[in-house]
Structures are given as C-alpha cells and as structure tokens.
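**Q** Sending over a structure as structure tokens; questions will come in a sec.
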Amino acid sequence: MQIDLSVLSVTKIFDAFTAVDAVSFEVNQGEFFSILGPSGCGKTTLLRMIAGFTEPTSGAIHIRGEDMSGIAPNKRPVNLIFQHLALFPMMSVEQNIAFGLQRRRENKTDIRKKVRAILERVGLPDYGDRKVDQLSGGQRQRIAIARCLVLNPTVLLLDEPLGALDLKLREQMKVELKKLQAQVGTTFIYITHDQSEALVMSDHVAVMNEGKFEQLDTPQNLYNRPRTPFVARFVGENNAWSGSVHRCGESNVEVRTEEGLVFRTKAEERLQPGQRVDLFLRPEAMLIQPDPGLPGLNRFDVVVDSILFDGANSQLLVTPLKSRRELVVALPQNRQYDYIKAGDKIEIGWDTNSGICFLQR
Amino acid sequence: MIRTLPNSKAYLWGFKSYIILYFSFLFAPLLVTCILAFNDSQFPALPWKGFSLDWFTGSSSERVGIFHDQINLQSIWVSAQVAFFVTILSTAVGTCAAFLFEQENFRFKQALYFLMIAPLVIPGVILGISILVFSTSMGTFFEDSLKLDVGLFGPGFWLVVLGQFSFISTLVTLVVSARLKKFDRTLEEAAMNLGANRFEVIWHITLKFLKPSIISGAAVAFLMSFENFNTTLFLVGSETTLPINLYLQVRDGSTPVINAISFLLIVSTSAVALVNLYFSRRRA
Amino acid sequence: MKASRKHHFQWTLAFFLTPVVLWLFLLIVLPHIDLLFMSFRTKDDSGSMVWSFSNYMLFFKEPIYWLTFVRTVLYSILVTFLTFTIALPVAFYITKVSRPRYQVFLTMLLLLPFWVSELVRVYGWMILLRESGVINHFLMKTGLLDKPIEMLYNDVTMIMGLVYTSMLFMVVPLIGVLENLDDSLIEAAYDLGANMWTILFRIIIPHAVPGIVSGSIVVFMLTLGDYLTPNLMGGKNSLWFTEQIYNQFIASFNWNQGSAFGFLLLALSSLVIWAGLKLTNQKLSKVVK
C-alpha cells in the first residue's frame with residue numbers, strides 16, 4: 001500500500017513555546033486519519049505545517065515520498081478545509097469551485113464539466129448559481145469539500161469543519177463525510193477535539209497532547225486499550241480511582257484503593273508492590289447486581305446517589321460504602337433495572353479485564 | 001501575503017519600505033513646519049540660523065511672536081468661540097437626530113435620512129454659498145416687508161456658526177448613531193417596566209450609555225469647526241476665523257509666526273485627538 | 001395603556017423631530033432651492049431682475065468656464081484613483097501584515113496629521129516645495145541643482161497636495177472593511193493555488209467594495225469642492241472650478257452667475273456619486289456608515 005503522507009520528527013517552536021514536539025507518523029493512501037486532542041495541543045499547528053502555511057522548525061514532511069520543505073501552500077498537492085470553511089462570499093458556488101481550476105489555467109469547458117461533476121457527487125447538482133450566503137450549514141460544508149476535491153488533492157486536510165454546526169446536523173455530517181471519503185478514496189486528515197467525530201469516521205486516530213502523540217491506533221484500540229492515562233481520560237468517559245499496588249501477578253495486579261477495596265485488574269506497564277497507581281473503569285464496564293455465579297468479577301457494594309436519565313445514555317451516580325468517591329455507572333434502558341431508586345444499596349461487579357491501571361505521575 | 005502565511009523576505013522588506021515612505025510623506029510637511037517655527041530667521045525657510053523662541057514670545061517691531069500678535073490672537077479667539085457654539089449646537093441636534101433615526105418610526109423617514117447624510121456629499125463651498133444666498137434673501141425679505149434690519153442675516157459670526165453647524169451635525173449624528181445601534185433596547189423596556197417614562201428612560205439609561213460617543217462626537221465637532229475653511233470662506237464677515245486669517249497671510253507671503261501658530265495647533269489638536277482616542281478606546 | 005403609550009411616543013417623536021427638521025430645512029433644503037432660483041435670475045438691460053437661462057448659457061459659451069469644469073472633474077477622478085491606489089496597500093499592511101500589537105499604534109499615527117487644519121498641512125508643503133523651500137535648499141547643498149526651481153504652482157504638485165489632503169478619508173474606510181475580511185479567505189485562495197494578484201483582484205478588492213465606494217465618494221466630493229489646496233498649491237494656473245465660484249461671489253459680486261456655477265458643480269458631483277453607487281450596486285445609506 002502506498003504511503004501518502006509521512007511526517008518525520010517534525011518540531012515547531014514559537015518563541016519559547018514548543019507547539020509540536022518531534023512528531024512522526026505515516027498515513028496510507030485512502031485512509032481517514034484523525035488527530036484528536038484538546039485545544040492548544042498543537043494539532044492546528046501540525047495541520048498548518050502539512051498545508052504549508054507554517055514552516056517546521058525541524059523535521060520533514062513528505063507527500064507521496066516527495067519532500068515538501070520550501071514548497072508554498074499553493075504548490076502542494078494538499079488542500080485544506082478551513083474551520084469556518086472560508087467560502088468566498090463575493091462569488092457564486094460555481095465560481096468558488098472553479099477558482100482552483102482557473103488558477104491551473106484549465107480550459108473553460110473542462111472546468112465547467114468538472115464543476116458540474118463534483119456538484120453532482122456532493123449531491124447539490126443545481127446549486128451552481130447560488131450565492132454562498134443562500135446555502136444552509138450542511139450545504140456550505142459540502143461545497144467547501146467540493147471546492148477542494150475538484151482539484152484532486154493527494155491529501156485533504158480538514159480543520160474541525162463540523163465545529164460550527166448544531167448537534168443534529170453534526171451527527172448527520174459525520175456519517176456523510178465518512179461515506180463521501182470512502183466513495184472518493186482521497187486520503188483525509190481530520191483534526192478535531194471531539195472524540196466522537198474522530199472515533200466514528202476514522203481508520204486511525206492519533207491522540208495528541210502538549211505537542212506529542214500519546215497514542216496512534218484504531219478507534220477500537222484507543223477506547224479499549226488506552227496506553228496512557230491521558231488517552232484513558234480523554235477518549236470516552238472513564239472513572240478514575242487512585243490506589244496502590246498490593247500484589248503483582250503474571251499478567252495482572254491487585255490494587256488496593258484508598259477505601260481499602262482490593263481489585264484485580266490488568267496493567268499497561270510493569271509495576272512494583274507499593275507503587276501509587278490510577279485505576280480507570282468505563283461506566284459501561286460495571287455491571288449492576290451481577291449474577292452471583294459469574295466468575296472473575298471484582299465485586300463491591302455502593303449506594304445510589306441519583307439517577308441521570310438520558311435515554312440510551314442513562315447513568316447512575318453511586319458511592320461505594322465508606323467512601324466519598326462518586327462513580328458513574330451506565331444504566332442500560334432494558335427495563336431490567338427500573339426498580340433502582342436513589343438511596344438503594346446495590347452490588348456492582350466488573351470483569352478483571354475491563355479495568356486498566358497506570359503508574360501515577 | 002498576510003501575517004499567518006509564509007512571506008518572502010523581499011515581500012516584507014518591500015512592503016515595510018513602502019509604509020515608511022508613506023509615513024514620511026504624511027509627516028514631512030508637519031515636521032518641517034514645526035522645526036522652522038524655532039529657526040532664528042526672518043523667513044520660514046532654511047538655512048538654520050540657530051534656535052529661537054522669537055516667533056512665540058518676540059515683541060520687537062520686526063519680530064512679533066504669536067503671543068503678542070493681536071490680529072492672530074483675535075482670530076484664534078473668534079475660532080474658539082465659533083467652535084464652542086458649533087459644538088454645543090451640533091452635539092445637541094446630532095444626538096436628537098441619532099435618536100430620531102435609530103429609535104423612532106415615522107413617515108418619510110427614509111427621505112429625511114437621505115437629507116441628513118446629504119451634507120456629507122455636498123461640497124463645502126456649495127454649502128457656503130447656498131447659506132449665504134439664502135440668508136441674504138431672508139435679510140432682504142425682513143427688511144422689505146417688515147422694515148426690520150436683522151444683522152444676523154449678513155455674513156458674520158453667527159452665519160459662520162450656522163454654516164459649519166449644517167454639516168458638522170451630520171458627523172455627530174453618525175458617530176452617536178453608531179453607538180446607539182449597539183444599545184440593547186431591552187434595558188429601556190426594563191426601565192419602563194419599573195415605572196420610568198420615555199424621557200426618564202432616555203435621561204437615565206440611554207444617554208448614560210451614549211456618553212462616550214457624545215463626547216467623541218463633540219470633540220470631532222470642535223476640531224472640524226476649528227479647522228474649517230471651505231464653508232467659512234463665504235460666510236465670514238469682519239471677524240475672521242483662524243484658518244481664513246492664516247490663508248490670507250500665507251497667500252500674501254508670511255513670517256515664521258505662521259509656523260509658530262501651526263506648531264501650537266499641531267500640538268494641541270494632537271493632544272485633543274489623543275485624549276479623545278484614549279477615552280473612546282477605554283470606554284468602548 | 002395603549003393610548004397612553006401612544007401619547008408618549010408622539011411626544012418624543014416631536015421632541016427629536018423638530019430640531020432635525022429645522023436644521024435640514026432651514027440650512028440644507030431651502031438654501032439650495034434659493035440657490036437654484038438665484039441661478040435662473042439675471043439683470044436685463046434695464047437693470048431689473050428677470051427669469052432667464054443666461055447664467056447657464058454663459059457657462060457653455062465661454063470655453064474658460066466649461067474647460068475649467070471638465071478639468072476639475074477629471075482631476076478629481078484622477079485624485080480619487082491615486083488616493084485609492086496609495087491607500088490600499090497601507091490599509092492592507094496595517095490590518096493584515098503588521099504585527100497585531102503595532103496595529104493600534106500605526107492607525108493612530110495615520111490619523112494624527114488629519115486632525116490638523118488643512119491649511120497647516122498645505123502650508124507645510126509650501127515651505128517644502130517653493131523656490132526658497134527646504135527641498136530646494138537641500139538639492140542645492142548637495143550640488144544636484146545650481147539654481148533653485150519652483151516646484152509649486154504646477155498640476156503635479158497640486159494633485160499631490162489634493163491626494164495628501166484627502167488621504168485619510170480613503171484609508172479609514174479601507175481599514176474598516178479589511179478588518180472584517182476573514183484571513184482564512186486569503187489562506188483558502190492561496191491554498192487553492194492563487195497568487196498575489198489573483199487574491200488582490202478576486203478576494204480583497206471585491207470584499208472591500210463598500211469601503212472603496214464610501215472612501216471614493218468622500219474623496220471625490222472633497223477634492224471637487226476644495227478651494228484651499230488648488231488655490232495655494234496650484235496658484236494662478238490651478239484653474240479649479242471652485243475658484244470660478246469664488247470669483248463670481250466675492251470678486252465680481254455676480255451672485256446669480258456664481259449660483260449657476262455652484263449648482264452645476266452640485267449637480268455634477270451628485271451625478272458622479274450616483275453613477276458610482278449604481279455601478280457598484282451600493283446604497284448611499286449603507287456606504288456612509
């Protein structure tokens with residue numbers, strides 16, 4: 001498989017601030033690759049370096065094996081979808097899409113043909129004469145993508161383009177964008193701070209924090225096997241519980257929490273007895289009133305503080321006995337747990353494989 | 001291209017030198033005027049003959065400094081008085097106009113609004129002559145039909161005030177309107193809901209909000225009035241304003257006393273402009 | 001309740017409307033109507049005033065008048081264009097290229113000279129450019145000239161002076177519109193392969209049209225109606241139409257003729273402004289803001 005983009009140990013330093021710190025990765029052709037991170041983590045800087053708006057302080061960026069250093073943005077086989085799309089309000093939809101083709105001095109009939117084809121492809125065939133401000137949010141989105149795709153870029157960069165949309169439309173565009181990418185086969189590099197966008201659409205996701213990649217993996221692995229505490233906290237919801245290592249086994253450890261509860265769980269790194277650790281537990285990994293016969297569960301008793309009803313995302317807020325730590329437990333809406341009321345004492349159990357602990361730093 | 005894009009050294013340096021050239025073009029005449037105000041010479045020209053304050057404080061027969069120059073001092077005083085009245089009148093009327101066009105609705109509003117901005121696109125000379133012609137007609141009318149000789153209608157102090165007021169009010173209106181547009185009208189509704197009547201609301205709520213823009217409108221009015229030439233030229237009587245007086249001196253050849261006046265004008269208008277800018281930025 | 005609200009409403013309306021109507025009618029509408037009447041009156045052979053077109057006829061009959069008029073208009077258009085080409089890079093630099101922390105300072109610096117009276121500024125140019133002026137002094141000192149040349153009182157100098165005088169009214173609206181131009185539009189165009197000139201003509205100028213129109217209207221109007229700068233910097237050769245008006249009013253004391261000239265100037269400036277607005281699809285009330 002061909003590699004479309006390779007980033008080789010790229011660093012960007014602004015004055016005294018290191019925005020991007022020796023980041024390396026490769027993206028295969030036709031992949032949907034996301035960079036996920038909180039605001040200020042350096043993802044926008046990284047994207048702008050790939051686009052050519054910013055020069056890296058050190059390191060290299062290769063596109064299809066070709067070194068991009070010193071090549072201006074308008075000469076790179078890369079196009080960028082801007083956060084607020086940057087559609088030209090002084091031009092019609094058709095003129096917007098034709099803009100890049102005209103810069104390549106393509107002839108008029110070709111341009112017209114290509115514009116019509118791409119409008120068809122994004123599902124807005126009759127919108128060529130519209131003004132940009134006559135389009136809805138979703139339509140503008142599609143025109144912005146069409147404006148870049150018509151140029152057949154090797155890599156399409158997207159800078160949180162769904163951020164400005166309302167929730168419903170964002171959900172819809174997520175699916176649409178993934179479909180569109182699969183259909184055109186262009187390599188997409190998508191940056192976002194919204195983990196759901198990254199997980200839903202991507203083939204691979206890199207989680208970025210303070211200028212570095214914490215983990216680069218498939219969405220499933222990021223969620224199920226986070227490799228750093230940051231990833232465990234940032235991707236999906238997690239209960240964090242601090243404690244110390246009680247005993248180390250072959251592939252798992254026993255952790256004693258501050259309340260004196262002892263759990264068996266897996267660890268991401270080699271641990272020694274007595275070390276302080278953070279234990280992460282997904283809300284949906286915790287079973288409510290598990291069958292007493294189920295083997296291999298960590299079990300403990302909790303008091304229900306309140307029930308947060310939110311349809312399929314309903315949750316219980318519970319506190320283990322003799323503790324003040326509040327935990328979030330997923331509450332499946334299959335009517336099985338309808339009897340639970342605030343103040344009830346219930347048992348919680350979780351599989352030793354579904355928790356993960358990291359050395360406290 | 002822009003600061004967020006990579007730019008070539010040549011582009012940035014080229015642009016920078018252009019800006020430096022532009023600012024030299026802007027400031028060269030003012031700087032030269034100021035410097036020559038302190039030259040120990042009979043003429044506002046080089047060579048430099050040494051530093052002297054003669055053109056400010058001198059009182060000998062061949063060098064009358066500005067502080068002893070009765071004619072120029074008199075014209076400064078006239079200009080200040082004109083500017084004072086123009087500022088009061090145009091600030092009051094301009095504020096009324098801002099309220100009228102931003103908050104009231106009435107028939108022919110569009111037409112009246114068009115009339116309000118018309119003074120901006122009427123050349124100052126035309127404003128001057130039309131007011132001169134009209135006031136003279138009025139004067140003749142009063143004299144012929146009512147046997148009244150109203151001095152107000154001839155060229156002179158009050159006609160200058162009216163002439164300047166006629167277009168400066170438009171500027172004040174635009175300055176005040178710009179801020180009134182940003183006013184949250186629910187505040188007025190809240191005040192009315194608490195029992196205030198329309199005038200109380202305007203006095204206690206809206207005018208407080210508008211204060212910075214009214215102050216800067218007044219400052220603009222004062223400066224515009226003080227430096228006006230084109231309209232004033234046709235309306236001025238025996239009491240000449242400073243720009244008219246300076247014009248006559250510049251046209252007929254002059255001494256560096258004009259540089260001294262210019263220096264004082266530059267320093268004081270810059271001060272007023274800076275203070276105004278400071279306050280409008282702080283309160284914005 | 002409704003009745004009393006209505007009552008208050010009318011009161012405030014009257015309060016605001018009265019001074020504004022007085023101002024606009026007494027100082028703008030009636031004087032211009034009077035000016036129009038005046039321009040159609042003339043003395044007949046017996047010395048009494050009669051209605052006539054003769055003031056306007058004279059304008060077209062005497063080449064000196066209509067030539068001056070045409071010259072004034074063409075030069076005003078030229079000045080407007082020059083002001084725009086000089087001001088656009090400056091506004092662009094301040095809003096898009098310079099570092100943000102210098103922006104306020106540069107804008108302030110830009111405005112300062114224009115708070116000073118036009119007369120002082122023109123006077124500054126005069127002592128720079130005249131035969132005994134500062135520039136001649138330096139040219140002689142450095143040996144570039146043997147004897148001083150008169151740089152005042154020619155068309156080039158006069159146009160430069162007019163450009164200088166009206167610069168502010170172009171720069172300020174341009175800065176206003178360019179501030180609202182989203183940087184990412186320029187970046188997007190660049191990313192799509194555009195060069196500097198394409199970005200200038202396809203993105204920046206189309207975006208700046210409202211500012212360009214409002215700046216141009218004001219600059220054109222101020223230049224057309226200027227008396228001071230052409231008179232002092234152009235001297236006797238300036239042949240500016242406002243000087244004809246001044247001569248009729250003050251020197252010849254022929255107010256009827258002067259009124260006709262004034263009205264022609266007004267009609268023409270309105271026409272050019274109207275045409276400018278139509279061509280660029282703008283509205284005066286939008287542009288003035």
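Just so we're on the same page: first chain in the structure tokens is A, next is B, and so on; residues restart at 1 for each chain, and ligands are numbered from 1 in the order they show up.
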Run DSSP on the backbone and give me the residues of region 81-249 of chain B it puts in alpha helix (DSSP H), as a ChimeraX atom specification.

**A** /B:81-103,109-121,124-146,157-180,185-193,198-201,207-227,232-235,242-249

**Q** Compute the set of chain A residues within 9 Å of chain C, using only C-alpha atoms, and express it as a ChimeraX atom specification.

**A** /A:51-53,72-76,78-91,99-104,147-148,151

**Q** Keeping only N, CA and C atoms, write those residues as a tab-separated table (two decimals), in the first residue's frame.

**A**
chain	number	residue	atom	x	y	z
A	51	ALA	N	-0.11	21.71	5.47
A	51	ALA	CA	-0.66	22.53	4.38
A	51	ALA	C	0.38	23.47	3.80
A	52	GLY	N	1.42	23.79	4.59
A	52	GLY	CA	2.46	24.68	4.11
A	52	GLY	C	2.32	26.12	4.56
A	53	PHE	N	1.34	26.41	5.43
A	53	PHE	CA	1.18	27.78	5.92
A	53	PHE	C	2.24	28.12	6.96
A	72	ALA	N	5.58	26.19	-1.42
A	72	ALA	CA	4.50	27.05	-0.93
A	72	ALA	C	3.17	26.29	-0.94
A	73	PRO	N	2.23	26.74	-0.07
A	73	PRO	CA	0.94	26.06	0.02
A	73	PRO	C	0.24	25.92	-1.33
A	74	ASN	N	0.37	26.95	-2.16
A	74	ASN	CA	-0.35	26.90	-3.44
A	74	ASN	C	0.31	25.96	-4.44
A	75	LYS	N	1.47	25.39	-4.08
A	75	LYS	CA	2.14	24.46	-4.98
A	75	LYS	C	2.08	23.03	-4.44
A	76	ARG	N	1.46	22.82	-3.28
A	76	ARG	CA	1.44	21.48	-2.70
A	76	ARG	C	0.20	20.71	-3.15
A	78	VAL	N	-1.97	19.36	-1.68
A	78	VAL	CA	-2.72	19.24	-0.45
A	78	VAL	C	-3.72	20.38	-0.42
A	79	ASN	N	-4.95	20.11	0.02
A	79	ASN	CA	-5.89	21.22	0.19
A	79	ASN	C	-6.48	21.16	1.58
A	80	LEU	N	-6.92	22.33	2.03
A	80	LEU	CA	-7.36	22.46	3.41
A	80	LEU	C	-8.81	22.93	3.45
A	81	ILE	N	-9.63	22.25	4.27
A	81	ILE	CA	-10.97	22.74	4.57
A	81	ILE	C	-10.85	23.52	5.86
A	82	PHE	N	-11.18	24.82	5.81
A	82	PHE	CA	-10.97	25.67	6.96
A	82	PHE	C	-12.07	25.48	8.00
A	83	GLN	N	-11.73	25.87	9.22
A	83	GLN	CA	-12.66	25.71	10.32
A	83	GLN	C	-14.00	26.36	10.02
A	84	HIS	N	-13.94	27.60	9.51
A	84	HIS	CA	-15.20	28.26	9.15
A	84	HIS	C	-15.41	28.23	7.64
A	85	LEU	N	-14.79	27.26	7.02
A	85	LEU	CA	-14.95	26.92	5.61
A	85	LEU	C	-14.33	27.90	4.63
A	86	ALA	N	-14.36	29.22	4.95
A	86	ALA	CA	-13.74	30.21	4.07
A	86	ALA	C	-14.25	30.12	2.64
A	87	LEU	N	-15.55	29.94	2.49
A	87	LEU	CA	-16.12	30.06	1.15
A	87	LEU	C	-16.10	31.55	0.78
A	88	PHE	N	-15.84	31.85	-0.49
A	88	PHE	CA	-15.73	33.25	-0.89
A	88	PHE	C	-17.12	33.86	-1.07
A	89	PRO	N	-17.49	34.80	-0.19
A	89	PRO	CA	-18.85	35.33	-0.27
A	89	PRO	C	-19.07	36.20	-1.51
A	90	MET	N	-17.97	36.64	-2.13
A	90	MET	CA	-18.13	37.51	-3.30
A	90	MET	C	-18.32	36.70	-4.58
A	91	MET	N	-18.36	35.38	-4.47
A	91	MET	CA	-18.51	34.56	-5.67
A	91	MET	C	-19.69	33.59	-5.51
A	99	PHE	N	-12.61	28.18	-8.84
A	99	PHE	CA	-11.47	29.05	-8.51
A	99	PHE	C	-10.11	28.36	-8.66
A	100	GLY	N	-9.99	27.18	-8.03
A	100	GLY	CA	-8.71	26.47	-8.06
A	100	GLY	C	-8.35	25.98	-9.46
A	101	LEU	N	-9.38	25.55	-10.20
A	101	LEU	CA	-9.13	25.05	-11.56
A	101	LEU	C	-8.66	26.18	-12.46
A	102	GLN	N	-9.26	27.37	-12.27
A	102	GLN	CA	-8.84	28.52	-13.08
A	102	GLN	C	-7.39	28.88	-12.79
A	103	ARG	N	-6.98	28.71	-11.54
A	103	ARG	CA	-5.59	29.02	-11.20
A	103	ARG	C	-4.63	28.08	-11.93
A	104	ARG	N	-5.14	26.88	-12.28
A	104	ARG	CA	-4.29	25.95	-13.02
A	104	ARG	C	-4.40	26.16	-14.51
A	147	ARG	N	-15.03	22.14	-3.34
A	147	ARG	CA	-14.06	23.11	-3.84
A	147	ARG	C	-12.65	22.54	-3.79
A	148	CYS	N	-12.38	21.72	-2.76
A	148	CYS	CA	-11.05	21.12	-2.67
A	148	CYS	C	-10.95	19.84	-3.50
A	151	LEU	N	-9.97	19.59	-7.18
A	151	LEU	CA	-8.57	19.73	-7.56
A	151	LEU	C	-7.81	18.41	-7.44

**Q** Determine, using only C-alpha atoms, which residues of chain B have any atom at most 12 Å from an atom of chain A, and tabulate each with its shortest atom pair and distance in Å to one decimal place, rows ordered by chain and then rising number, as JSON lines.

**A**
{"residue": "B:Met1", "atom": "CA", "partner": "A:Phe53", "partner_atom": "CA", "distance": 10.7}
{"residue": "B:Ile2", "atom": "CA", "partner": "A:Phe53", "partner_atom": "CA", "distance": 10.5}
{"residue": "B:Arg3", "atom": "CA", "partner": "A:Phe53", "partner_atom": "CA", "distance": 10.2}
{"residue": "B:Thr4", "atom": "CA", "partner": "A:Phe53", "partner_atom": "CA", "distance": 7.1}
{"residue": "B:Leu5", "atom": "CA", "partner": "A:Phe53", "partner_atom": "CA", "distance": 5.1}
{"residue": "B:Pro6", "atom": "CA", "partner": "A:Phe53", "partner_atom": "CA", "distance": 6.0}
{"residue": "B:Asn7", "atom": "CA", "partner": "A:Phe53", "partner_atom": "CA", "distance": 9.6}
{"residue": "B:Ser8", "atom": "CA", "partner": "A:Ala72", "partner_atom": "CA", "distance": 10.5}

**Q** Set the distance at 9 Å and use only C-alpha atoms: which residues neighbour region 120-125 of chain B once local chain neighbours fewer than 6 positions away are removed? I'd like the list as a VMD selection string.

**A** (chain B and resid 167 to 168 170 to 171 229 to 234) or (chain C and resid 217 to 218 221 to 227 242 245 to 246 262 265 to 266 269 to 270 273 288)

**Q** Give me, as CSV, each residue of chain C that comes within 6 Å of chain B, together with its shortest interatomic pair and the distance in Å at one decimal, counting only C-alpha atoms, with rows ordered by chain and rising residue number.

**A**
residue,atom,partner,partner_atom,distance
C:Phe16,CA,B:Cys96,CA,4.9
C:Val20,CA,B:Ala97,CA,5.9
C:Leu27,CA,B:Ser166,CA,6.0
C:Pro31,CA,B:Phe134,CA,4.8
C:His32,CA,B:Ser130,CA,5.5
C:Asp34,CA,B:Phe134,CA,5.8
C:Leu35,CA,B:Ser130,CA,5.4
C:Lys96,CA,B:Ile2,CA,5.3
C:Val97,CA,B:Arg3,CA,4.8
C:Val116,CA,B:Ile266,CA,5.7
C:Ser117,CA,B:Glu227,CA,4.7
C:Val120,CA,B:Ser262,CA,5.9
C:Gly124,CA,B:Pro29,CA,4.1
C:Trp125,CA,B:Pro29,CA,5.2
C:Gly133,CA,B:Ala45,CA,5.8
C:Val134,CA,B:Leu46,CA,5.9
C:Met221,CA,B:Pro123,CA,5.8
C:Gly225,CA,B:Pro123,CA,4.6
C:Gly262,CA,B:Ile126,CA,5.8

**Q** Could you write out, as a PyMOL selection string, all the residues of region 34-110 of chain C that DSSP marks as strand (DSSP E or B)?

**A** chain C and resi 41-43+49-51

**Q** Using only C-alpha atoms, please write the residues we just selected to a file, as an mmCIF file, in the first residue's frame.

**A**
data_model
loop_
_atom_site.group_PDB
_atom_site.id
_atom_site.type_symbol
_atom_site.label_atom_id
_atom_site.label_comp_id
_atom_site.auth_asym_id
_atom_site.auth_seq_id
_atom_site.Cartn_x
_atom_site.Cartn_y
_atom_site.Cartn_z
ATOM 1 C CA ARG C 41 -32.318 85.178 -12.297
ATOM 2 C CA THR C 42 -30.409 87.758 -14.223
ATOM 3 C CA LYS C 43 -30.347 91.521 -14.732
ATOM 4 C CA MET C 49 -34.109 91.090 -12.242
ATOM 5 C CA VAL C 50 -35.825 88.674 -14.639
ATOM 6 C CA TRP C 51 -36.023 84.891 -15.052
#

**Q** Would you list the contacts of Gly156 (chain B) as a VMD selection string, taking every protein, DNA or RNA residue within 8 Å and counting only C-alpha atoms, but skipping same-chain residues closer than 3 positions in sequence?

**A** chain B and resid 152 159 to 160 235 to 239

**Q** Which residues come within 8 Å of region 276-282 of chain A, counting only C-alpha atoms, excluding same-chain residues fewer than 3 positions away, as an NGL selection string?

**A** :A and (229 or 232 or 237-245 or 285-286 or 329 or 354-360)

**Q** Residues as selected, C-alpha atoms, written as a compact mmCIF listing (two decimals), in the first residue's frame, can you do that?

**A**
# COMPACT_ATOMS: atom_id res chain seq x y z
CA PRO A 229 -3.60 7.87 31.42
CA ALA A 232 -7.83 6.84 29.11
CA GLU A 237 -15.89 8.52 29.69
CA ASN A 238 -13.89 6.94 32.48
CA ASN A 239 -13.96 6.66 36.26
CA ALA A 240 -10.52 7.32 37.73
CA TRP A 241 -9.71 5.74 41.05
CA SER A 242 -6.36 6.09 42.78
CA GLY A 243 -4.80 3.43 44.93
CA SER A 244 -1.62 1.46 45.40
CA VAL A 245 -0.29 -1.84 44.06
CA ALA A 285 -17.84 -1.99 32.20
CA MET A 286 -19.60 -2.02 35.55
CA VAL A 329 -22.23 3.59 36.12
CA SER A 354 -12.09 -4.29 31.65
CA GLY A 355 -10.21 -2.08 34.07
CA ILE A 356 -6.76 -0.69 33.44
CA CYS A 357 -4.23 0.93 35.71
CA PHE A 358 -1.31 3.25 35.19
CA LEU A 359 1.53 4.37 37.42
CA GLN A 360 0.70 7.74 38.97

**Q** Which residues, written as a PyMOL selection string, have at least one atom at most 9 Å from region 135-142 of chain C, with only C-alpha atoms counted and residues fewer than 6 positions away on the same chain left out?

**A** (chain B and resi 45-47) or (chain C and resi 127-129+148-151)

**Q** Go ahead and write the residues just picked, C-alpha atoms, as an mmCIF file, in the first residue's frame.

**A**
data_model
loop_
_atom_site.group_PDB
_atom_site.id
_atom_site.type_symbol
_atom_site.label_atom_id
_atom_site.label_comp_id
_atom_site.auth_asym_id
_atom_site.auth_seq_id
_atom_site.Cartn_x
_atom_site.Cartn_y
_atom_site.Cartn_z
ATOM 1 C CA ALA B 45 12.995 78.683 5.246
ATOM 2 C CA LEU B 46 16.431 77.114 5.658
ATOM 3 C CA PRO B 47 19.336 77.641 6.319
ATOM 4 C CA ILE C 127 7.631 75.730 2.678
ATOM 5 C CA LEU C 128 8.975 72.387 1.490
ATOM 6 C CA LEU C 129 8.436 72.932 -2.206
ATOM 7 C CA PRO C 148 16.527 76.691 -7.251
ATOM 8 C CA ILE C 149 13.474 75.621 -9.246
ATOM 9 C CA GLU C 150 9.890 76.479 -8.433
ATOM 10 C CA MET C 151 8.125 73.254 -7.534
#

**Q** Quick one: residues within 12 Å of Gln172 (chain A), only C-alpha atoms, excluding same-chain residues fewer than 2 positions away - as a PyMOL selection string?

**A** chain A and resi 137-138+141+162+165-170+174-179+197+200-201

**Q** Please, could you write that set of residues out with N, CA and C atoms as a compact mmCIF listing (two decimals), in the first residue's frame?

**A**
# COMPACT_ATOMS: atom_id res chain seq x y z
N GLY A 137 -26.10 25.36 6.48
CA GLY A 137 -24.82 24.94 7.06
C GLY A 137 -24.26 23.68 6.43
N GLY A 138 -25.13 22.68 6.25
CA GLY A 138 -24.67 21.42 5.67
C GLY A 138 -24.26 21.58 4.22
N GLN A 141 -20.88 23.19 3.93
CA GLN A 141 -19.92 22.15 4.23
C GLN A 141 -19.55 21.37 2.98
N LEU A 162 -16.73 20.63 11.29
CA LEU A 162 -18.10 20.42 11.80
C LEU A 162 -18.37 21.24 13.06
N LEU A 165 -21.42 23.60 13.32
CA LEU A 165 -22.78 23.11 13.06
C LEU A 165 -23.49 22.75 14.36
N ASP A 166 -24.83 22.74 14.31
CA ASP A 166 -25.54 22.33 15.51
C ASP A 166 -25.52 20.80 15.61
N LEU A 167 -25.88 20.30 16.80
CA LEU A 167 -25.66 18.90 17.15
C LEU A 167 -26.24 17.92 16.12
N LYS A 168 -27.50 18.11 15.79
CA LYS A 168 -28.19 17.18 14.87
C LYS A 168 -27.45 17.09 13.55
N LEU A 169 -27.14 18.28 13.00
CA LEU A 169 -26.50 18.35 11.70
C LEU A 169 -25.11 17.74 11.76
N ARG A 170 -24.45 17.94 12.91
CA ARG A 170 -23.11 17.42 13.06
C ARG A 170 -23.13 15.88 13.00
N LYS A 174 -21.24 13.78 10.04
CA LYS A 174 -20.23 12.79 10.36
C LYS A 174 -20.37 11.59 9.43
N VAL A 175 -21.60 11.07 9.38
CA VAL A 175 -21.86 9.89 8.56
C VAL A 175 -21.61 10.22 7.10
N GLU A 176 -22.09 11.40 6.69
CA GLU A 176 -21.99 11.80 5.30
C GLU A 176 -20.53 11.92 4.86
N LEU A 177 -19.73 12.52 5.75
CA LEU A 177 -18.32 12.75 5.45
C LEU A 177 -17.60 11.41 5.29
N LYS A 178 -17.91 10.48 6.16
CA LYS A 178 -17.26 9.16 6.10
C LYS A 178 -17.63 8.47 4.79
N LYS A 179 -18.89 8.56 4.43
CA LYS A 179 -19.35 7.94 3.18
C LYS A 179 -18.65 8.58 1.99
N GLU A 197 -16.41 12.46 16.85
CA GLU A 197 -16.12 12.64 15.42
C GLU A 197 -14.97 11.76 15.00
N VAL A 200 -15.92 7.86 15.18
CA VAL A 200 -16.89 7.40 14.20
C VAL A 200 -16.28 7.32 12.80
N MET A 201 -15.51 8.36 12.41
CA MET A 201 -15.13 8.47 10.99
C MET A 201 -13.83 7.78 10.65

**Q** Please report the interatomic distance between CA of Leu89 (chain B) and CA of Ile205 (chain B) in Å with one decimal.

**A**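 Separating CA of Leu89 (chain B) from CA of Ile205 (chain B) is a distance of 22.4 Å.
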
**Q** Hey, which of C:Ser166, C:Ser252, C:Thr157, C:Thr95 ends up closest to Asn180 (chain C)? Count only C-alpha atoms.

**A**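 Ranking C:Ser166, C:Ser252, C:Thr157, C:Thr95 by distance to Asn180 (chain C), first place goes to C:Thr95.
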
**Q** How many Å separate CA of Asp194 (chain A) from CA of Val318 (chain A)?

**A**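 CA of Asp194 (chain A) sits 27.0 Å away from CA of Val318 (chain A).
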